[in-house]
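Engineer: Just so it is clear, I am handing over upload.cif, which has mmCIF, C-alpha atoms and all ligand atoms.
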data_model
loop_
_atom_site.label_atom_id
_atom_site.label_comp_id
_atom_site.auth_asym_id
_atom_site.auth_seq_id
_atom_site.Cartn_x
_atom_site.Cartn_y
_atom_site.Cartn_z
CA ARG B 141 8.75 -95.42 -18.45
CA ARG B 142 8.97 -98.49 -16.21
CA ALA B 143 12.75 -98.15 -16.17
CA ALA B 144 12.48 -94.50 -15.18
CA ILE B 145 10.17 -95.34 -12.30
CA GLY B 146 12.50 -98.15 -11.25
CA ALA B 147 15.48 -95.82 -11.26
CA ALA B 148 13.60 -93.19 -9.27
CA LEU B 149 12.58 -95.78 -6.72
CA SER B 150 16.07 -97.15 -6.26
CA VAL B 151 17.50 -93.64 -5.87
CA GLY B 152 14.83 -93.07 -3.25
CA VAL B 153 15.89 -96.21 -1.41
CA MET B 154 19.52 -95.23 -1.60
CA VAL B 155 18.82 -91.79 -0.22
CA GLY B 156 16.78 -93.35 2.57
CA ALA B 157 19.45 -95.90 3.43
CA ALA B 158 22.22 -93.32 3.42
CA GLY B 159 20.13 -91.01 5.56
CA SER B 160 21.18 -87.96 3.59
CA ALA B 161 20.26 -86.13 0.43
CA VAL B 162 23.33 -87.33 -1.43
CA ALA B 163 23.53 -90.66 -3.19
CA GLN B 164 24.57 -93.70 -1.15
CA ASP B 165 28.32 -94.25 -0.85
CA ARG B 166 29.66 -96.83 -3.21
CA MET B 167 30.45 -100.13 -1.60
CA THR B 168 33.66 -102.13 -1.90
CA PHE B 169 33.44 -105.89 -2.20
CA THR B 170 36.83 -107.29 -1.20
CA LEU B 171 37.54 -110.89 -2.18
CA ALA B 172 40.41 -112.97 -0.82
CA THR B 173 41.64 -116.11 -2.58
CA ALA B 174 44.73 -118.30 -2.56
CA GLY B 175 44.24 -118.60 -6.31
CA SER B 176 46.18 -116.58 -8.84
CA GLU B 177 44.85 -113.76 -10.98
CA THR B 178 44.84 -116.07 -14.02
CA ASP B 179 42.96 -118.90 -12.30
CA GLN B 180 39.64 -119.23 -14.17
CA ARG B 181 37.63 -118.63 -11.02
CA SER B 182 39.50 -115.36 -10.46
CA VAL B 183 39.05 -114.41 -14.11
CA ALA B 184 35.33 -115.17 -13.91
CA MET B 185 34.92 -112.96 -10.87
CA ALA B 186 36.87 -110.08 -12.43
CA GLN B 187 35.33 -110.30 -15.88
CA VAL B 188 31.76 -111.34 -15.11
CA PHE B 189 30.93 -110.62 -11.47
CA ALA B 190 32.66 -107.22 -11.16
CA PRO B 191 30.99 -105.49 -14.15
CA MET B 192 27.56 -106.78 -13.11
CA VAL B 193 27.76 -105.15 -9.66
CA SER B 194 29.68 -102.07 -10.81
CA GLU B 195 26.69 -99.73 -10.54
CA PHE B 196 26.91 -99.80 -6.77
CA ALA B 197 30.07 -101.68 -5.79
CA ASP B 198 33.78 -101.75 -6.57
CA TYR B 199 35.18 -105.25 -6.69
CA GLN B 200 38.62 -105.55 -5.07
CA PRO B 201 40.26 -108.94 -5.32
CA GLY B 202 43.36 -110.02 -3.42
CA TYR B 203 45.05 -112.99 -5.11
CA ASN B 204 47.69 -115.52 -3.98
CA ALA B 205 46.59 -115.36 -0.34
CA THR B 206 48.00 -111.84 -0.01
CA LEU B 207 45.01 -110.57 2.00
CA PHE B 208 44.37 -113.61 4.18
CA ALA B 209 46.16 -116.94 4.51
CA GLN B 210 44.51 -119.88 2.76
CA GLY B 211 41.84 -121.29 5.02
CA THR B 212 41.35 -118.17 7.16
CA GLU B 213 39.04 -116.31 4.76
CA LEU B 214 35.72 -117.54 6.17
CA GLU B 215 36.64 -116.39 9.64
CA ALA B 216 37.65 -113.01 8.20
CA ILE B 217 34.23 -112.66 6.56
CA SER B 218 32.55 -113.74 9.77
CA ARG B 219 34.43 -111.07 11.75
CA GLY B 220 33.52 -108.35 9.26
CA ASN B 221 37.05 -107.95 7.85
CA LEU B 222 36.33 -109.32 4.37
CA THR B 223 33.36 -109.36 1.98
CA MET B 224 33.93 -112.44 -0.13
CA SER B 225 35.98 -115.56 -0.71
CA ILE B 226 36.16 -118.59 -2.96
CA ALA B 227 35.56 -121.10 -0.18
CA SER B 228 36.02 -124.85 -0.18
CA ALA B 229 33.78 -127.46 1.43
CA GLN B 230 36.87 -128.57 3.34
CA GLU B 231 37.16 -125.12 4.92
CA LEU B 232 33.47 -125.14 5.81
CA ALA B 233 33.91 -128.58 7.34
CA GLN B 234 36.25 -126.95 9.88
CA PHE B 235 33.19 -125.17 11.27
CA PHE B 236 30.45 -127.59 10.24
CA PRO B 237 31.72 -131.19 10.00
CA GLU B 238 28.78 -132.25 7.83
CA PHE B 239 30.29 -130.28 4.91
CA SER B 240 32.92 -133.02 4.59
CA ILE B 241 30.36 -134.93 2.55
CA PHE B 242 31.03 -132.51 -0.33
CA ALA B 243 34.78 -132.99 0.14
CA THR B 244 34.66 -136.77 0.05
CA GLY B 245 36.45 -138.70 -2.67
CA TYR B 246 34.37 -140.02 -5.54
CA VAL B 247 31.06 -138.45 -4.42
CA HIS B 248 30.48 -135.72 -7.00
CA GLN B 249 30.55 -137.13 -10.51
CA ASP B 250 31.02 -134.04 -12.66
CA ALA B 251 30.42 -130.30 -12.88
CA ALA B 252 26.71 -130.64 -13.68
CA HIS B 253 26.24 -132.94 -10.69
CA GLN B 254 27.79 -130.27 -8.42
CA VAL B 255 25.26 -127.73 -9.69
CA ARG B 256 22.32 -130.08 -9.17
CA VAL B 257 23.49 -130.81 -5.63
CA PHE B 258 24.03 -127.13 -4.80
CA ASN B 259 20.56 -126.16 -6.06
CA ASP B 260 18.74 -129.11 -4.49
CA PRO B 261 16.72 -128.60 -1.29
CA LEU B 262 19.20 -130.96 0.40
CA MET B 263 21.57 -127.96 0.52
CA ASP B 264 19.10 -125.66 2.30
CA PRO B 265 19.95 -126.67 5.88
CA PHE B 266 23.68 -126.54 5.06
CA LYS B 267 23.39 -123.02 3.61
CA GLN B 268 21.14 -121.87 6.45
CA LYS B 269 23.53 -123.03 9.13
CA VAL B 270 26.49 -121.25 7.52
CA GLU B 271 24.40 -118.10 7.29
CA ASP B 272 23.08 -118.26 10.84
CA GLU B 273 26.20 -119.41 12.65
CA LEU B 274 29.01 -117.94 10.55
CA GLY B 275 27.34 -114.92 8.95
CA VAL B 276 28.32 -116.15 5.49
CA LYS B 277 26.04 -116.64 2.49
CA LEU B 278 26.99 -119.30 -0.05
CA LEU B 279 25.85 -117.70 -3.28
CA SER B 280 26.87 -120.12 -5.97
CA VAL B 281 28.99 -123.17 -6.73
CA MET B 282 32.19 -122.88 -8.78
CA TYR B 283 33.90 -125.73 -10.61
CA LEU B 284 37.56 -126.30 -9.82
CA GLY B 285 37.88 -129.63 -11.57
CA ARG B 286 39.00 -133.23 -11.24
CA ARG B 287 41.89 -133.60 -8.88
CA HIS B 288 44.65 -136.00 -9.87
CA VAL B 289 47.88 -137.23 -8.30
CA ASN B 290 50.85 -135.26 -9.67
CA LEU B 291 54.32 -136.51 -8.65
CA ARG B 292 57.99 -135.58 -8.93
CA GLN B 293 58.93 -139.20 -9.59
CA SER B 294 58.95 -140.37 -13.19
CA ARG B 295 56.66 -143.25 -14.06
CA GLU B 296 59.75 -145.48 -14.41
CA GLU B 297 60.55 -144.69 -10.78
CA LEU B 298 56.98 -145.08 -9.57
CA ASP B 299 54.08 -146.46 -11.60
CA VAL B 300 50.87 -145.59 -9.78
CA GLN B 301 48.17 -148.13 -10.48
CA THR B 302 46.51 -148.69 -7.12
CA PRO B 303 46.48 -146.97 -3.69
CA ALA B 304 49.15 -149.43 -2.53
CA ASP B 305 51.57 -147.79 -4.97
CA LEU B 306 51.24 -144.51 -3.07
CA ALA B 307 52.43 -146.05 0.22
CA GLY B 308 55.06 -143.79 1.73
CA VAL B 309 54.55 -141.08 -0.91
CA ASN B 310 54.74 -137.69 0.74
CA LEU B 311 51.72 -136.06 -0.89
CA ARG B 312 51.03 -132.40 -0.29
CA MET B 313 47.37 -131.82 0.52
CA PRO B 314 45.83 -128.52 1.66
CA GLY B 315 45.87 -128.00 5.39
CA THR B 316 42.58 -129.11 6.86
CA ASP B 317 41.47 -132.42 8.34
CA ALA B 318 39.15 -133.27 5.46
CA TRP B 319 41.96 -132.77 2.92
CA GLN B 320 44.48 -134.73 4.97
CA PHE B 321 42.01 -137.58 5.35
CA LEU B 322 41.53 -137.69 1.60
CA GLY B 323 45.29 -137.93 1.15
CA SER B 324 45.43 -140.91 3.50
CA ALA B 325 42.41 -142.47 1.86
CA LEU B 326 44.32 -142.38 -1.43
CA GLY B 327 47.01 -144.50 0.23
CA ALA B 328 49.59 -141.69 0.51
CA SER B 329 51.25 -139.95 3.46
CA PRO B 330 49.63 -136.50 3.38
CA THR B 331 51.56 -133.35 4.33
CA PRO B 332 49.83 -129.99 4.80
CA VAL B 333 51.34 -127.15 2.75
CA ALA B 334 49.65 -123.86 1.82
CA PHE B 335 48.87 -123.57 -1.88
CA THR B 336 51.24 -120.65 -2.41
CA GLU B 337 54.14 -122.79 -1.08
CA VAL B 338 53.48 -125.86 -3.20
CA TYR B 339 55.71 -124.97 -6.16
CA THR B 340 58.71 -124.47 -3.88
CA ALA B 341 57.91 -127.61 -1.88
CA LEU B 342 57.88 -129.61 -5.12
CA SER B 343 61.02 -128.03 -6.52
CA THR B 344 63.04 -128.63 -3.35
CA GLY B 345 61.69 -132.12 -2.85
CA ALA B 346 60.10 -131.24 0.49
CA VAL B 347 57.12 -133.18 -0.87
CA ASP B 348 56.87 -135.91 -3.52
CA GLY B 349 53.74 -134.60 -5.10
CA GLN B 350 50.52 -132.69 -4.95
CA ASP B 351 46.93 -133.14 -6.14
CA ASN B 352 45.08 -130.59 -8.26
CA PRO B 353 43.14 -130.41 -11.52
CA LEU B 354 45.04 -130.02 -14.81
CA PRO B 355 44.21 -126.28 -15.20
CA THR B 356 45.84 -125.62 -11.81
CA VAL B 357 48.89 -127.72 -12.76
CA VAL B 358 49.33 -125.40 -15.73
CA ASP B 359 48.39 -122.12 -14.03
CA ALA B 360 50.76 -122.75 -11.10
CA LYS B 361 53.43 -124.26 -13.41
CA PHE B 362 53.62 -127.47 -11.37
CA TYR B 363 54.54 -129.23 -14.65
CA GLU B 364 57.96 -127.59 -14.35
CA VAL B 365 58.74 -129.46 -11.15
CA THR B 366 56.92 -132.79 -11.60
CA LYS B 367 57.23 -135.78 -13.95
CA GLN B 368 53.92 -137.60 -13.90
CA ILE B 369 50.18 -137.29 -13.40
CA ALA B 370 48.07 -140.33 -12.54
CA LEU B 371 44.51 -139.44 -13.52
CA THR B 372 42.87 -140.61 -10.32
CA SER B 373 39.95 -138.09 -10.52
CA HIS B 374 39.64 -138.68 -6.79
CA LEU B 375 37.73 -135.47 -6.17
CA VAL B 376 35.55 -133.51 -8.56
CA ASP B 377 36.37 -130.37 -6.68
CA LEU B 378 34.18 -127.33 -6.07
CA ASN B 379 34.25 -123.99 -4.34
CA TYR B 380 31.47 -121.76 -3.11
CA ILE B 381 31.25 -118.04 -3.72
CA ALA B 382 31.02 -116.96 -0.09
CA PHE B 383 29.58 -113.53 0.73
CA SER B 384 29.28 -111.56 3.96
CA LYS B 385 25.75 -111.78 5.38
CA GLU B 386 26.26 -108.40 7.02
CA THR B 387 27.03 -106.78 3.67
CA TRP B 388 24.18 -108.70 2.05
CA ASP B 389 21.73 -107.37 4.63
CA SER B 390 22.86 -103.81 3.90
CA LEU B 391 21.92 -104.16 0.22
CA THR B 392 18.58 -103.22 -1.29
CA ALA B 393 16.48 -106.07 -2.66
CA ASP B 394 17.47 -105.02 -6.19
CA GLN B 395 21.13 -105.04 -5.30
CA GLN B 396 20.81 -108.46 -3.67
CA LEU B 397 19.27 -109.80 -6.85
CA THR B 398 22.08 -108.27 -8.89
CA VAL B 399 24.76 -109.78 -6.64
CA GLN B 400 23.09 -113.19 -6.80
CA ARG B 401 22.82 -113.04 -10.59
CA ALA B 402 26.42 -111.85 -10.90
CA ALA B 403 27.66 -114.74 -8.75
CA ASP B 404 25.64 -117.28 -10.75
CA ALA B 405 26.83 -115.81 -14.05
CA ALA B 406 30.49 -115.83 -12.94
CA ALA B 407 30.21 -119.41 -11.71
CA ALA B 408 28.59 -120.55 -14.98
CA TRP B 409 31.16 -118.74 -17.14
CA GLY B 410 34.07 -120.01 -15.05
CA ARG B 411 32.71 -123.57 -15.15
CA LEU B 412 32.67 -123.62 -18.95
CA LYS B 413 36.16 -122.12 -19.17
CA GLN B 414 37.53 -124.57 -16.64
CA LEU B 415 35.93 -127.58 -18.35
CA ASP B 416 37.35 -126.41 -21.63
CA LYS B 417 40.84 -126.09 -20.15
CA GLU B 418 40.54 -129.43 -18.43
CA ASN B 419 39.73 -131.09 -21.75
CA SER B 420 42.50 -129.44 -23.71
CA LEU B 421 45.55 -129.10 -21.46
CA ALA B 422 46.85 -132.69 -21.39
CA ASP B 423 48.80 -132.27 -24.64
CA PHE B 424 50.53 -129.13 -23.40
CA ILE B 425 51.46 -130.79 -20.10
CA ARG B 426 52.82 -133.85 -21.97
CA SER B 427 54.85 -131.55 -24.21
CA GLN B 428 56.53 -130.29 -21.04
CA GLY B 429 57.80 -133.79 -20.29
CA VAL B 430 55.12 -134.90 -17.81
CA GLU B 431 53.66 -138.37 -18.38
CA ILE B 432 49.88 -138.55 -18.00
CA TYR B 433 48.11 -141.87 -17.64
CA THR B 434 45.03 -143.50 -16.11
CA PRO B 435 45.56 -145.85 -13.16
CA ASP B 436 43.20 -148.57 -11.98
CA LEU B 437 40.27 -146.28 -11.16
CA GLU B 438 38.13 -149.03 -9.69
CA ALA B 439 40.90 -149.84 -7.22
CA PHE B 440 41.15 -146.19 -6.18
CA ARG B 441 37.40 -145.65 -5.93
CA THR B 442 36.82 -148.79 -3.88
CA HIS B 443 39.71 -148.08 -1.54
CA VAL B 444 38.89 -144.41 -1.00
CA GLN B 445 35.19 -145.05 -0.40
CA ALA B 446 35.98 -147.83 2.06
CA GLN B 447 38.10 -145.42 4.13
CA TYR B 448 35.14 -143.09 4.63
CA VAL B 449 32.73 -145.81 5.73
CA GLY B 450 32.59 -145.71 9.52
CA SER B 451 34.92 -142.67 9.68
CA GLU B 452 34.39 -139.68 11.98
CA PHE B 453 33.57 -137.72 8.82
CA ALA B 454 30.76 -140.02 7.74
CA ALA B 455 29.36 -139.89 11.28
CA ALA B 456 28.69 -136.16 10.78
CA TRP B 457 26.71 -136.56 7.55
CA PRO B 458 22.98 -135.98 8.04
CA GLU B 459 20.90 -139.03 7.29
CA GLY B 460 19.84 -139.51 3.70
CA VAL B 461 22.09 -136.80 2.23
CA LEU B 462 24.59 -139.14 0.58
CA GLU B 463 21.73 -141.12 -0.93
CA ARG B 464 20.15 -137.91 -2.26
CA ILE B 465 23.49 -136.77 -3.74
CA ASN B 466 23.82 -140.14 -5.45
CA GLU B 467 20.26 -139.87 -6.78
CA LEU B 468 21.20 -136.55 -8.37
CA GLY B 469 24.11 -138.23 -10.16
CA ASN B 470 24.07 -139.89 -13.54
C1 LIG R 1 44.78 -126.31 -3.11
O1 LIG R 1 45.25 -125.72 -2.12
O2 LIG R 1 45.28 -127.31 -3.60
C2 LIG R 1 43.49 -125.76 -3.71
O3 LIG R 1 43.27 -126.36 -4.97
C3 LIG R 1 42.32 -126.06 -2.78
C4 LIG R 1 41.06 -125.38 -3.27
O4 LIG R 1 40.02 -125.52 -2.34
C5 LIG R 1 41.28 -123.90 -3.58
O5 LIG R 1 41.26 -123.16 -2.40
C6 LIG R 1 42.56 -123.67 -4.36
O6 LIG R 1 43.65 -124.39 -3.83
C7 LIG R 1 43.06 -122.23 -4.38
O7 LIG R 1 42.06 -121.34 -4.82
C8 LIG R 1 44.24 -122.10 -5.33
O8 LIG R 1 43.90 -122.53 -6.62
#
Could you render the structure as structure tokens?

Structural biologist:
Amino acid sequence: RRAAIGAALSVGVMVGAAGSAVAQDRMTFTLATAGSETDQRSVAMAQVFAPMVSEFADYQPGYNATLFAQGTELEAISRGNLTMSIASAQELAQFFPEFSIFATGYVHQDAAHQVRVFNDPLMDPFKQKVEDELGVKLLSVMYLGRRHVNLRQSREELDVQTPADLAGVNLRMPGTDAWQFLGSALGASPTPVAFTEVYTALSTGAVDGQDNPLPTVVDAKFYEVTKQIALTSHLVDLNYIAFSKETWDSLTADQQLTVQRAADAAAAWGRLKQLDKENSLADFIRSQGVEIYTPDLEAFRTHVQAQYVGSEFAAAWPEGVLERINELGN
């Protein structure tokens, strides 16, 4: 009986919102990502998010940056041309420099730490600002994984133990300031290349290497065009499920709750899948002729962290936030 009343009420709301006697038009949630269809975040959205919102919305993903170029998605949402994206902290830092704290090397410790940080009140002013000034709601945090240095050179040609070993290495990093800074902080010479161009850049030798988590190395087949991975774990990388505030405001309270739950469920499902892949893919990559080894992590951590101290990035971090993030760690 409760359910029947609930259904009647929501039909009533829909009729009211549509301003006519017929049921409200279905909505379309369009998502743009540079990721592939088989990327676990894409799979999570298609298999978990989409069915959960299917009562009132059709989910329409555009993969491989076919809808919008990598890094332009947030602006597209802001302008009302896109509903959703899988946004990075580095992209948000283009608008709000303080977001670089979440894009800084060796800050997040693992997937669980990312979730604790995202759900902590420390995030509230960050989320609020993005909502107020960009018209974008950050619904949930997705796990991309531990980024490592993946090179064309064999280990015999270049054994990466410390940042000094990356001197002069032309390392592809995504194209924003925060990413490029991280590349320099690792000791390399960073070059911006869009994700969809990385395979070609590696195969032609336009770059010496790239950095991404193991599941991405497999999904994008970077193992075909590289010879080694130094497990630097320099960034435990995340993405936010970004959603148009305008679309959000047009939803009923019930629909908002459903969208929020669907985003959280997709993020949780994708996180487990990605962690699982991360833990099991090394053997496959090795079988493809790529050497995987652990460099001097202390040397990398110390060097990378030292580059951020006193940097223009650190100057934008609100007081106490780094300390709070560290408190939420292990
Ligand atoms: C990349 O360009 O290396 C990166 O991993 C950056 C991430 O923030 C994310 O956007 C990702 O690409 C794309 O979704 C493709 O996997």

Engineer: Pick out the closest residue to ligand LIG 1 (chain R) from this set: B:Gln230, B:Gln447, B:Gln414, B:Gln249. Count all atoms listed in the file.

Structural biologist: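 Once distances to ligand LIG 1 (chain R) are computed over all atoms listed in the file, the minimum belongs to B:Gln230.
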
Engineer: Neighbouring residues of region 285-302 of chain B were defined as those with any atom within 8 Å, considering only C-alpha atoms; residues of the same chain fewer than 3 positions away were excluded. Please report them as a ChimeraX atom specification.

Structural biologist: /B:251,305-306,342,345,348-354,365-378,414-415,418,431,434-437,439-440

Engineer: Return as a list of chain:residue names every polymer residue, whether protein, DNA or RNA, with at least one atom no more than 6 Å from an atom of ligand LIG 1 (chain R); count all atoms listed in the file.

Structural biologist: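 What falls inside 6 Å of ligand LIG 1 (chain R) is B:Thr173, B:Ala174, B:Gly175, B:Ser228, B:Pro314, B:Phe335, B:Asn352.
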
Engineer: Which one is closest to Ala233 (chain B): B:Asp317, B:Glu177, B:Glu364, B:Glu459? Count all atoms listed in the file.

Structural biologist: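 Of the candidates, the smallest distance to Ala233 (chain B) is held by B:Asp317.
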
Engineer: Rank B:Ala328, B:Ala190, B:Ala382, B:Val338 by their smallest atom-to-atom distance to Leu222 (chain B), using all atoms listed in the file, and report the top residue only.

Structural biologist: B:Ala382

Engineer: Using all atoms listed in the file for the distances, tell me which of B:Asp394, B:Glu438, B:Asp359, B:Glu238 is nearest to Val193 (chain B).

Structural biologist: B:Asp394

Engineer: Write out as a short mmCIF file (atom, residue, chain, number, x, y, z; two decimals) with C-alpha atoms, in the coordinates of the input the residues lying within 10 Å of Ala405 (chain B), counting all atoms listed in the file and excluding same-chain residues fewer than 2 positions away.

Structural biologist:
data_model
loop_
_atom_site.label_atom_id
_atom_site.label_comp_id
_atom_site.auth_asym_id
_atom_site.auth_seq_id
_atom_site.Cartn_x
_atom_site.Cartn_y
_atom_site.Cartn_z
CA ALA B 184 35.33 -115.17 -13.91
CA MET B 185 34.92 -112.96 -10.87
CA VAL B 188 31.76 -111.34 -15.11
CA PHE B 189 30.93 -110.62 -11.47
CA MET B 192 27.56 -106.78 -13.11
CA SER B 280 26.87 -120.12 -5.97
CA VAL B 399 24.76 -109.78 -6.64
CA GLN B 400 23.09 -113.19 -6.80
CA ARG B 401 22.82 -113.04 -10.59
CA ALA B 402 26.42 -111.85 -10.90
CA ALA B 403 27.66 -114.74 -8.75
CA ALA B 407 30.21 -119.41 -11.71
CA ALA B 408 28.59 -120.55 -14.98
CA TRP B 409 31.16 -118.74 -17.14
CA GLY B 410 34.07 -120.01 -15.05
CA ARG B 411 32.71 -123.57 -15.15
#

Engineer: Distance CA of Val430 (chain B)-CA of Leu322 (chain B), one decimal place?

Structural biologist: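 Going from CA of Val430 (chain B) over to CA of Leu322 (chain B) covers 23.9 Å.
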
Engineer: Could you rebuild region 313-325 of chain B with N, CA and C atoms and give me the result as an mmCIF file, keeping the file's coordinate frame?

Structural biologist:
data_model
loop_
_atom_site.group_PDB
_atom_site.id
_atom_site.type_symbol
_atom_site.label_atom_id
_atom_site.label_comp_id
_atom_site.auth_asym_id
_atom_site.auth_seq_id
_atom_site.Cartn_x
_atom_site.Cartn_y
_atom_site.Cartn_z
ATOM 1 N N MET B 313 48.809 -132.077 0.600
ATOM 2 C CA MET B 313 47.370 -131.820 0.520
ATOM 3 C C MET B 313 47.155 -130.496 1.261
ATOM 4 N N PRO B 314 46.096 -129.748 0.912
ATOM 5 C CA PRO B 314 45.830 -128.520 1.660
ATOM 6 C C PRO B 314 45.637 -128.825 3.146
ATOM 7 N N GLY B 315 45.778 -127.773 3.955
ATOM 8 C CA GLY B 315 45.870 -128.000 5.390
ATOM 9 C C GLY B 315 44.604 -128.045 6.210
ATOM 10 N N THR B 316 43.671 -128.892 5.909
ATOM 11 C CA THR B 316 42.580 -129.110 6.860
ATOM 12 C C THR B 316 42.385 -130.619 7.007
ATOM 13 N N ASP B 317 41.650 -130.993 8.051
ATOM 14 C CA ASP B 317 41.470 -132.420 8.340
ATOM 15 C C ASP B 317 40.848 -133.178 7.169
ATOM 16 N N ALA B 318 39.855 -132.560 6.540
ATOM 17 C CA ALA B 318 39.150 -133.270 5.460
ATOM 18 C C ALA B 318 40.103 -133.539 4.293
ATOM 19 N N TRP B 319 40.985 -132.567 3.997
ATOM 20 C CA TRP B 319 41.960 -132.770 2.920
ATOM 21 C C TRP B 319 42.972 -133.850 3.309
ATOM 22 N N GLN B 320 43.468 -133.768 4.531
ATOM 23 C CA GLN B 320 44.480 -134.730 4.970
ATOM 24 C C GLN B 320 43.909 -136.144 4.944
ATOM 25 N N PHE B 321 42.646 -136.258 5.347
ATOM 26 C CA PHE B 321 42.010 -137.580 5.350
ATOM 27 C C PHE B 321 41.935 -138.129 3.926
ATOM 28 N N LEU B 322 41.604 -137.256 2.997
ATOM 29 C CA LEU B 322 41.530 -137.690 1.600
ATOM 30 C C LEU B 322 42.893 -138.193 1.114
ATOM 31 N N GLY B 323 43.942 -137.499 1.521
ATOM 32 C CA GLY B 323 45.290 -137.930 1.150
ATOM 33 C C GLY B 323 45.601 -139.324 1.678
ATOM 34 N N SER B 324 45.220 -139.569 2.932
ATOM 35 C CA SER B 324 45.430 -140.910 3.500
ATOM 36 C C SER B 324 44.559 -141.936 2.800
ATOM 37 N N ALA B 325 43.325 -141.533 2.511
ATOM 38 C CA ALA B 325 42.410 -142.470 1.860
ATOM 39 C C ALA B 325 42.926 -142.894 0.491
#
